[in-house]
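A.B. asks: Okay, here's the structure, questions in a sec.
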Amino acid sequence: TRVGALRQAVGNFASRRVVVLGVGGDALTLASTVLVESPTSLALASRRETELCELISRLGELPGSDVLTSIPLTTGDFTVPSDTDVLIVAASDGEARIDVDSLPAEITIVDTTLQSSRTELIKAAASRRLQIVDGVTLAVNEVALAVERWTGQSLDRAAMRDSVEEFLGI
């Protein structure tokens, strides 16, 4: 359902230029989802070089891995490549600071973090009116897909989102 939730929120990754920031959590699932849909490029960025190399190695076994690159980060700041269509933040440990003002207006930012407040990235991106997908959206899509598969019944995602935001105090 995580893969389906991502696809529902972002659409298809074919012919898109995608960057995944972070190697923790579900970075492998998210990156492999992107990779199998034939993106133009898929770059993985992290300060954790050992884990980054391991993730690149695992993804390198998949078809289409020739579009895969790594971006080892040496500082706490990350400059997103200017031709990026989709930025997926798969790090929950504050992997890097992103200068949102330097991002292209057409970018989609996916922040997988689910917490009781909006992340700084989501707040900054929203203030620039960039297309954003936050952790709440992914969680709601994921639960809705699971329930729909289990019961065959559709759920009101807007009502679910309101409930999740109320529960989290957002």
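The way I read the labels, and the way they are meant: chains A, B, ... in the order of the structure tokens, residue 1 as the first residue of every chain, and ligand 1 as the first ligand shown, with later ones counted on from there.
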Can you check which residues of region 6-124 of chain A DSSP gives as alpha helix (DSSP H) on the backbone and send them as an MDAnalysis selection string?
C.D. replies: chainID A and resid 6:10 27:35 49:59 120:124
A.B. asks: How would the residues just chosen look if you wrote them out with N, CA, C and O atoms as a short mmCIF file (atom, residue, chain, number, x, y, z; two decimals), in the first residue's frame?
C.D. replies:
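Written output follows (again_35.cif):
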```cif
data_model
loop_
_atom_site.label_atom_id
_atom_site.label_comp_id
_atom_site.auth_asym_id
_atom_site.auth_seq_id
_atom_site.Cartn_x
_atom_site.Cartn_y
_atom_site.Cartn_z
N LEU A 6 2.02 6.31 -2.75
CA LEU A 6 2.95 7.23 -3.42
C LEU A 6 2.49 7.51 -4.85
O LEU A 6 2.46 8.65 -5.30
N ARG A 7 2.12 6.46 -5.56
CA ARG A 7 1.67 6.63 -6.95
C ARG A 7 0.40 7.48 -7.03
O ARG A 7 0.25 8.29 -7.93
N GLN A 8 -0.53 7.27 -6.10
CA GLN A 8 -1.75 8.07 -6.11
C GLN A 8 -1.46 9.54 -5.86
O GLN A 8 -2.09 10.41 -6.44
N ALA A 9 -0.49 9.81 -5.02
CA ALA A 9 -0.18 11.19 -4.67
C ALA A 9 0.63 11.91 -5.75
O ALA A 9 0.45 13.10 -5.97
N VAL A 10 1.51 11.18 -6.41
CA VAL A 10 2.46 11.81 -7.34
C VAL A 10 2.18 11.48 -8.79
O VAL A 10 2.50 12.24 -9.69
N ALA A 27 13.31 4.17 2.22
CA ALA A 27 13.99 4.68 1.03
C ALA A 27 14.12 3.61 -0.05
O ALA A 27 13.95 3.90 -1.24
N LEU A 28 14.41 2.38 0.34
CA LEU A 28 14.55 1.30 -0.64
C LEU A 28 13.23 1.07 -1.38
O LEU A 28 13.20 0.97 -2.61
N THR A 29 12.13 1.01 -0.65
CA THR A 29 10.82 0.80 -1.27
C THR A 29 10.47 1.95 -2.20
O THR A 29 10.03 1.74 -3.33
N LEU A 30 10.67 3.17 -1.72
CA LEU A 30 10.33 4.34 -2.53
C LEU A 30 11.20 4.42 -3.78
O LEU A 30 10.70 4.65 -4.88
N ALA A 31 12.51 4.23 -3.62
CA ALA A 31 13.42 4.32 -4.77
C ALA A 31 13.16 3.20 -5.77
O ALA A 31 13.19 3.43 -6.98
N SER A 32 12.90 2.00 -5.30
CA SER A 32 12.64 0.89 -6.24
C SER A 32 11.32 1.11 -6.98
O SER A 32 11.20 0.75 -8.16
N THR A 33 10.35 1.71 -6.32
CA THR A 33 9.08 2.05 -6.97
C THR A 33 9.32 2.99 -8.13
O THR A 33 8.80 2.80 -9.23
N VAL A 34 10.13 4.01 -7.88
CA VAL A 34 10.46 4.97 -8.93
C VAL A 34 11.22 4.28 -10.06
O VAL A 34 10.91 4.45 -11.24
N LEU A 35 12.21 3.50 -9.71
CA LEU A 35 13.11 2.90 -10.69
C LEU A 35 12.39 1.99 -11.68
O LEU A 35 12.69 2.02 -12.88
N GLU A 49 27.27 7.71 3.97
CA GLU A 49 27.89 7.17 2.76
C GLU A 49 27.84 5.64 2.68
O GLU A 49 27.56 5.09 1.62
N THR A 50 28.07 4.96 3.79
CA THR A 50 28.04 3.49 3.76
C THR A 50 26.67 2.98 3.38
O THR A 50 26.53 2.13 2.49
N GLU A 51 25.62 3.53 4.03
CA GLU A 51 24.26 3.10 3.72
C GLU A 51 23.86 3.50 2.30
O GLU A 51 23.14 2.78 1.62
N LEU A 52 24.36 4.65 1.83
CA LEU A 52 24.07 5.10 0.48
C LEU A 52 24.65 4.11 -0.54
O LEU A 52 23.97 3.70 -1.48
N CYS A 53 25.88 3.69 -0.32
CA CYS A 53 26.52 2.71 -1.22
C CYS A 53 25.77 1.39 -1.21
O CYS A 53 25.57 0.76 -2.26
N GLU A 54 25.31 0.95 -0.03
CA GLU A 54 24.56 -0.30 0.08
C GLU A 54 23.23 -0.20 -0.67
O GLU A 54 22.83 -1.13 -1.37
N LEU A 55 22.56 0.96 -0.54
CA LEU A 55 21.27 1.14 -1.21
C LEU A 55 21.47 1.17 -2.73
O LEU A 55 20.71 0.52 -3.46
N ILE A 56 22.48 1.88 -3.19
CA ILE A 56 22.78 1.92 -4.62
C ILE A 56 23.07 0.51 -5.14
O ILE A 56 22.61 0.11 -6.21
N SER A 57 23.81 -0.26 -4.36
CA SER A 57 24.15 -1.63 -4.76
C SER A 57 22.89 -2.49 -4.89
O SER A 57 22.72 -3.23 -5.86
N ARG A 58 21.99 -2.38 -3.90
CA ARG A 58 20.75 -3.18 -3.96
C ARG A 58 19.88 -2.78 -5.13
O ARG A 58 19.32 -3.63 -5.82
N LEU A 59 19.77 -1.48 -5.36
CA LEU A 59 18.95 -1.00 -6.48
C LEU A 59 19.61 -1.31 -7.83
O LEU A 59 18.92 -1.45 -8.84
N GLU A 120 9.52 21.67 8.45
CA GLU A 120 9.98 22.96 7.94
C GLU A 120 9.98 22.97 6.41
O GLU A 120 9.65 23.97 5.79
N LEU A 121 10.35 21.84 5.82
CA LEU A 121 10.35 21.75 4.36
C LEU A 121 8.95 21.96 3.80
O LEU A 121 8.75 22.73 2.86
N ILE A 122 7.97 21.30 4.37
CA ILE A 122 6.59 21.43 3.89
C ILE A 122 6.08 22.85 4.11
O ILE A 122 5.42 23.42 3.23
N LYS A 123 6.39 23.45 5.25
CA LYS A 123 5.96 24.84 5.51
C LYS A 123 6.56 25.78 4.47
O LYS A 123 5.87 26.63 3.91
N ALA A 124 7.87 25.64 4.22
CA ALA A 124 8.55 26.53 3.27
C ALA A 124 8.03 26.30 1.86
O ALA A 124 7.81 27.26 1.10
#
```
A.B. asks: Which residues are close to Thr119 (chain A), i.e. within 10 Å by only C-alpha atoms, leaving aside same-chain residues fewer than 6 positions away? Reply as a VMD selection string.
C.D. replies: chain A and resid 94 111 to 113 125 134 to 135
A.B. asks: Work out how far CA of Glu37 (chain A) is from CA of Leu68 (chain A), in Å to one decimal.
C.D. replies: 12.7 Å
A.B. asks: Using only C-alpha atoms for the distances, tell me which of A:Ser38, A:Thr79, A:Ser154, A:Asn141 is nearest to Val3 (chain A).
C.D. replies: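 Going through A:Ser38, A:Thr79, A:Ser154, A:Asn141 one by one, the smallest distance to Val3 (chain A) is for A:Asn141.
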A.B. asks: Compile the contact shell of region 98-110 of chain A as a ChimeraX atom specification: residues with an atom at most 7 Å away, counting only C-alpha atoms, same-chain residues fewer than 2 positions apart removed.
C.D. replies: /A:77-79,82,84-89,96,112,124-125,130-134
A.B. asks: Produce a file of the selected residues containing all heavy atoms, as a compact mmCIF listing (two decimals), in the first residue's frame.
C.D. replies:
```txt
# COMPACT_ATOMS: atom_id res chain seq x y z
N ASP A 77 23.73 20.95 4.21
CA ASP A 77 22.93 21.62 3.18
C ASP A 77 22.89 20.77 1.92
O ASP A 77 23.87 20.15 1.56
CB ASP A 77 23.51 23.00 2.85
CG ASP A 77 23.47 23.94 4.04
OD1 ASP A 77 22.47 23.89 4.79
OD2 ASP A 77 24.43 24.70 4.22
N PHE A 78 21.74 20.78 1.26
CA PHE A 78 21.59 20.01 0.03
C PHE A 78 21.02 20.91 -1.05
O PHE A 78 19.93 21.48 -0.88
CB PHE A 78 20.68 18.80 0.25
CG PHE A 78 20.41 18.00 -0.99
CD1 PHE A 78 21.43 17.62 -1.84
CD2 PHE A 78 19.12 17.62 -1.31
CE1 PHE A 78 21.18 16.87 -2.98
CE2 PHE A 78 18.85 16.88 -2.45
CZ PHE A 78 19.90 16.50 -3.29
N THR A 79 21.74 21.04 -2.13
CA THR A 79 21.25 21.78 -3.29
C THR A 79 20.65 20.76 -4.25
O THR A 79 21.36 19.92 -4.81
CB THR A 79 22.39 22.55 -3.98
OG1 THR A 79 22.98 23.44 -3.03
CG2 THR A 79 21.87 23.33 -5.17
N SER A 82 18.86 21.31 -10.36
CA SER A 82 17.86 22.23 -10.90
C SER A 82 16.87 21.58 -11.87
O SER A 82 15.80 22.13 -12.10
CB SER A 82 18.54 23.41 -11.59
OG SER A 82 19.34 22.95 -12.66
N THR A 84 15.37 18.70 -11.39
CA THR A 84 14.58 17.69 -10.65
C THR A 84 13.09 17.96 -10.79
O THR A 84 12.63 19.08 -10.58
CB THR A 84 15.00 17.69 -9.16
OG1 THR A 84 16.39 17.44 -9.06
CG2 THR A 84 14.21 16.65 -8.38
N ASP A 85 12.34 16.90 -11.11
CA ASP A 85 10.88 16.99 -11.19
C ASP A 85 10.23 16.63 -9.86
O ASP A 85 9.21 17.21 -9.49
CB ASP A 85 10.34 16.02 -12.25
CG ASP A 85 10.80 16.34 -13.65
OD1 ASP A 85 10.72 17.51 -14.05
OD2 ASP A 85 11.25 15.41 -14.35
N VAL A 86 10.79 15.61 -9.18
CA VAL A 86 10.21 15.12 -7.94
C VAL A 86 11.33 14.93 -6.91
O VAL A 86 12.33 14.28 -7.20
CB VAL A 86 9.49 13.76 -8.13
CG1 VAL A 86 8.88 13.27 -6.82
CG2 VAL A 86 8.42 13.86 -9.21
N LEU A 87 11.14 15.51 -5.74
CA LEU A 87 12.06 15.31 -4.62
C LEU A 87 11.31 14.53 -3.56
O LEU A 87 10.26 14.97 -3.08
CB LEU A 87 12.52 16.65 -4.04
CG LEU A 87 13.29 16.58 -2.73
CD1 LEU A 87 14.62 15.85 -2.91
CD2 LEU A 87 13.51 17.97 -2.15
N ILE A 88 11.82 13.35 -3.22
CA ILE A 88 11.21 12.52 -2.18
C ILE A 88 12.14 12.53 -0.98
O ILE A 88 13.30 12.11 -1.08
CB ILE A 88 11.00 11.07 -2.65
CG1 ILE A 88 10.09 11.04 -3.88
CG2 ILE A 88 10.42 10.21 -1.52
CD1 ILE A 88 9.97 9.66 -4.53
N VAL A 89 11.65 13.03 0.14
CA VAL A 89 12.44 13.07 1.37
C VAL A 89 12.07 11.85 2.18
O VAL A 89 10.97 11.77 2.73
CB VAL A 89 12.22 14.37 2.16
CG1 VAL A 89 13.06 14.37 3.42
CG2 VAL A 89 12.54 15.58 1.28
N ALA A 96 19.20 16.62 5.68
CA ALA A 96 19.87 17.81 5.16
C ALA A 96 18.88 18.97 5.07
O ALA A 96 17.68 18.75 4.96
CB ALA A 96 20.46 17.52 3.79
N THR A 112 7.92 12.27 3.46
CA THR A 112 7.28 11.08 4.02
C THR A 112 7.08 11.16 5.53
O THR A 112 6.46 10.27 6.11
CB THR A 112 8.09 9.82 3.68
OG1 THR A 112 9.37 9.91 4.30
CG2 THR A 112 8.24 9.65 2.18
N ALA A 124 7.87 25.64 4.22
CA ALA A 124 8.55 26.53 3.27
C ALA A 124 8.03 26.30 1.86
O ALA A 124 7.81 27.26 1.10
CB ALA A 124 10.06 26.31 3.34
N ALA A 125 7.82 25.05 1.47
CA ALA A 125 7.32 24.74 0.14
C ALA A 125 5.89 25.26 -0.04
O ALA A 125 5.54 25.78 -1.11
CB ALA A 125 7.38 23.23 -0.12
N LEU A 130 4.54 25.55 -3.89
CA LEU A 130 5.03 24.41 -4.65
C LEU A 130 4.08 23.24 -4.44
O LEU A 130 3.34 23.20 -3.45
CB LEU A 130 6.44 24.02 -4.18
CG LEU A 130 7.52 25.08 -4.35
CD1 LEU A 130 8.83 24.59 -3.75
CD2 LEU A 130 7.70 25.45 -5.81
N GLN A 131 4.09 22.30 -5.36
CA GLN A 131 3.25 21.11 -5.20
C GLN A 131 3.88 20.24 -4.11
O GLN A 131 5.04 19.85 -4.22
CB GLN A 131 3.15 20.34 -6.50
CG GLN A 131 2.23 19.15 -6.40
CD GLN A 131 2.01 18.46 -7.73
OE1 GLN A 131 2.37 18.98 -8.78
NE2 GLN A 131 1.43 17.28 -7.67
N ILE A 132 3.11 19.94 -3.08
CA ILE A 132 3.62 19.15 -1.97
C ILE A 132 2.75 17.94 -1.69
O ILE A 132 1.54 17.96 -1.93
CB ILE A 132 3.75 19.99 -0.67
CG1 ILE A 132 2.41 20.62 -0.29
CG2 ILE A 132 4.84 21.03 -0.80
CD1 ILE A 132 2.40 21.33 1.05
N VAL A 133 3.40 16.89 -1.22
CA VAL A 133 2.73 15.70 -0.72
C VAL A 133 3.36 15.44 0.64
O VAL A 133 4.56 15.21 0.73
CB VAL A 133 2.95 14.49 -1.65
CG1 VAL A 133 2.31 13.25 -1.06
CG2 VAL A 133 2.42 14.78 -3.05
N ASP A 134 2.56 15.53 1.67
CA ASP A 134 3.11 15.36 3.02
C ASP A 134 2.83 13.97 3.56
O ASP A 134 2.16 13.16 2.93
CB ASP A 134 2.58 16.44 3.96
CG ASP A 134 1.07 16.39 4.15
OD1 ASP A 134 0.41 15.47 3.62
OD2 ASP A 134 0.54 17.27 4.84
```
A.B. asks: Hey, can you check how far CA of Leu73 (chain A) sits from CA of Gly60 (chain A)?
C.D. replies: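 Computed distance, CA of Leu73 (chain A) to CA of Gly60 (chain A), equals 20.0 Å.
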A.B. asks: Write out as an mmCIF file with C-alpha atoms, in the first residue's frame each polymer residue whose atoms come within 7 Å of Thr1 (chain A), counting only C-alpha atoms; drop sequence neighbours fewer than 2 positions from it.
C.D. replies:
```
data_model
loop_
_atom_site.group_PDB
_atom_site.id
_atom_site.type_symbol
_atom_site.label_atom_id
_atom_site.label_comp_id
_atom_site.auth_asym_id
_atom_site.auth_seq_id
_atom_site.Cartn_x
_atom_site.Cartn_y
_atom_site.Cartn_z
ATOM 1 C CA VAL A 3 3.794 2.112 -3.204
ATOM 2 C CA GLY A 4 0.164 2.664 -4.192
ATOM 3 C CA ALA A 5 -0.104 5.635 -1.835
ATOM 4 C CA GLU A 142 -2.074 4.029 2.443
ATOM 5 C CA LEU A 145 -5.948 1.531 -0.079
ATOM 6 C CA ALA A 146 -5.593 -1.155 2.592
#
```
A.B. asks: Enumerate the residues of region 1-80 of chain A with a DSSP assignment of strand (DSSP E or B), computed from the backbone, and present them as number ranges by chain.
C.D. replies: A: 17-21, 41-46, 68-72, 77-78
A.B. asks: Pull N, CA and C atoms from the residues just selected and write them as a PDB file, in the first residue's frame.
C.D. replies:
```pdb
ATOM      1  N   ARG A  17      12.585  13.163 -13.613  1.00  0.00           N
ATOM      2  CA  ARG A  17      13.885  13.228 -12.947  1.00  0.00           C
ATOM      3  C   ARG A  17      13.613  13.307 -11.450  1.00  0.00           C
ATOM      4  N   VAL A  18      14.017  12.268 -10.722  1.00  0.00           N
ATOM      5  CA  VAL A  18      13.645  12.101  -9.324  1.00  0.00           C
ATOM      6  C   VAL A  18      14.894  12.065  -8.446  1.00  0.00           C
ATOM      7  N   VAL A  19      14.783  12.696  -7.290  1.00  0.00           N
ATOM      8  CA  VAL A  19      15.830  12.628  -6.271  1.00  0.00           C
ATOM      9  C   VAL A  19      15.192  12.107  -4.995  1.00  0.00           C
ATOM     10  N   VAL A  20      15.832  11.108  -4.376  1.00  0.00           N
ATOM     11  CA  VAL A  20      15.410  10.605  -3.069  1.00  0.00           C
ATOM     12  C   VAL A  20      16.470  11.035  -2.072  1.00  0.00           C
ATOM     13  N   LEU A  21      16.066  11.803  -1.080  1.00  0.00           N
ATOM     14  CA  LEU A  21      16.977  12.265  -0.031  1.00  0.00           C
ATOM     15  C   LEU A  21      16.795  11.381   1.187  1.00  0.00           C
ATOM     16  N   SER A  41      15.957   9.925 -14.727  1.00  0.00           N
ATOM     17  CA  SER A  41      17.071   9.783 -13.796  1.00  0.00           C
ATOM     18  C   SER A  41      16.532   9.571 -12.390  1.00  0.00           C
ATOM     19  N   LEU A  42      17.329   8.884 -11.583  1.00  0.00           N
ATOM     20  CA  LEU A  42      17.020   8.679 -10.174  1.00  0.00           C
ATOM     21  C   LEU A  42      18.321   8.859  -9.401  1.00  0.00           C
ATOM     22  N   ALA A  43      18.368   9.902  -8.587  1.00  0.00           N
ATOM     23  CA  ALA A  43      19.550  10.169  -7.772  1.00  0.00           C
ATOM     24  C   ALA A  43      19.201   9.957  -6.307  1.00  0.00           C
ATOM     25  N   LEU A  44      20.096   9.311  -5.588  1.00  0.00           N
ATOM     26  CA  LEU A  44      19.934   9.105  -4.154  1.00  0.00           C
ATOM     27  C   LEU A  44      20.960   9.965  -3.444  1.00  0.00           C
ATOM     28  N   ALA A  45      20.528  10.708  -2.443  1.00  0.00           N
ATOM     29  CA  ALA A  45      21.416  11.623  -1.733  1.00  0.00           C
ATOM     30  C   ALA A  45      21.372  11.332  -0.232  1.00  0.00           C
ATOM     31  N   SER A  46      22.552  11.327   0.390  1.00  0.00           N
ATOM     32  CA  SER A  46      22.625  11.084   1.833  1.00  0.00           C
ATOM     33  C   SER A  46      23.994  11.472   2.367  1.00  0.00           C
ATOM     34  N   LEU A  68      20.558   5.366 -12.423  1.00  0.00           N
ATOM     35  CA  LEU A  68      20.771   5.563 -10.991  1.00  0.00           C
ATOM     36  C   LEU A  68      22.111   6.245 -10.714  1.00  0.00           C
ATOM     37  N   THR A  69      22.087   7.285  -9.879  1.00  0.00           N
ATOM     38  CA  THR A  69      23.315   7.960  -9.452  1.00  0.00           C
ATOM     39  C   THR A  69      23.232   8.225  -7.951  1.00  0.00           C
ATOM     40  N   SER A  70      24.382   8.497  -7.359  1.00  0.00           N
ATOM     41  CA  SER A  70      24.397   8.828  -5.940  1.00  0.00           C
ATOM     42  C   SER A  70      24.957  10.228  -5.747  1.00  0.00           C
ATOM     43  N   ILE A  71      24.483  10.884  -4.707  1.00  0.00           N
ATOM     44  CA  ILE A  71      24.962  12.209  -4.342  1.00  0.00           C
ATOM     45  C   ILE A  71      25.364  12.152  -2.872  1.00  0.00           C
ATOM     46  N   PRO A  72      26.631  11.871  -2.595  1.00  0.00           N
ATOM     47  CA  PRO A  72      27.083  11.877  -1.198  1.00  0.00           C
ATOM     48  C   PRO A  72      27.105  13.317  -0.681  1.00  0.00           C
ATOM     49  N   ASP A  77      23.733  20.953   4.210  1.00  0.00           N
ATOM     50  CA  ASP A  77      22.925  21.622   3.185  1.00  0.00           C
ATOM     51  C   ASP A  77      22.887  20.773   1.922  1.00  0.00           C
ATOM     52  N   PHE A  78      21.743  20.777   1.257  1.00  0.00           N
ATOM     53  CA  PHE A  78      21.594  20.011   0.025  1.00  0.00           C
ATOM     54  C   PHE A  78      21.019  20.912  -1.048  1.00  0.00           C
TER      55      PHE A  78
END
```
A.B. asks: Which residues, written as a list of chain:residue names, have at least one atom at most 7 Å from Val136 (chain A), with only C-alpha atoms counted and residues fewer than 2 positions away on the same chain left out?
C.D. replies: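 My list of contacting residues is A:Leu114, A:Asp134, A:Leu138, A:Ala139, A:Val140, A:Arg161.
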A.B. asks: Please measure the separation of CA of Phe13 (chain A) and CA of Val36 (chain A), giving the value in Å to one decimal.
C.D. replies: 8.8 Å
A.B. asks: Kindly indicate which residue among A:Val67, A:Val80, A:Val143, A:Val23 lies nearest to Val164 (chain A), using only C-alpha atoms for the distances.
C.D. replies: A:Val143
A.B. asks: May I ask which of the residues A:Gln115, A:Thr75, A:Thr40, A:Ser65 is the closest one to Glu166 (chain A), counting only C-alpha atoms?
C.D. replies: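 Result for the nearest residue to Glu166 (chain A): A:Gln115.
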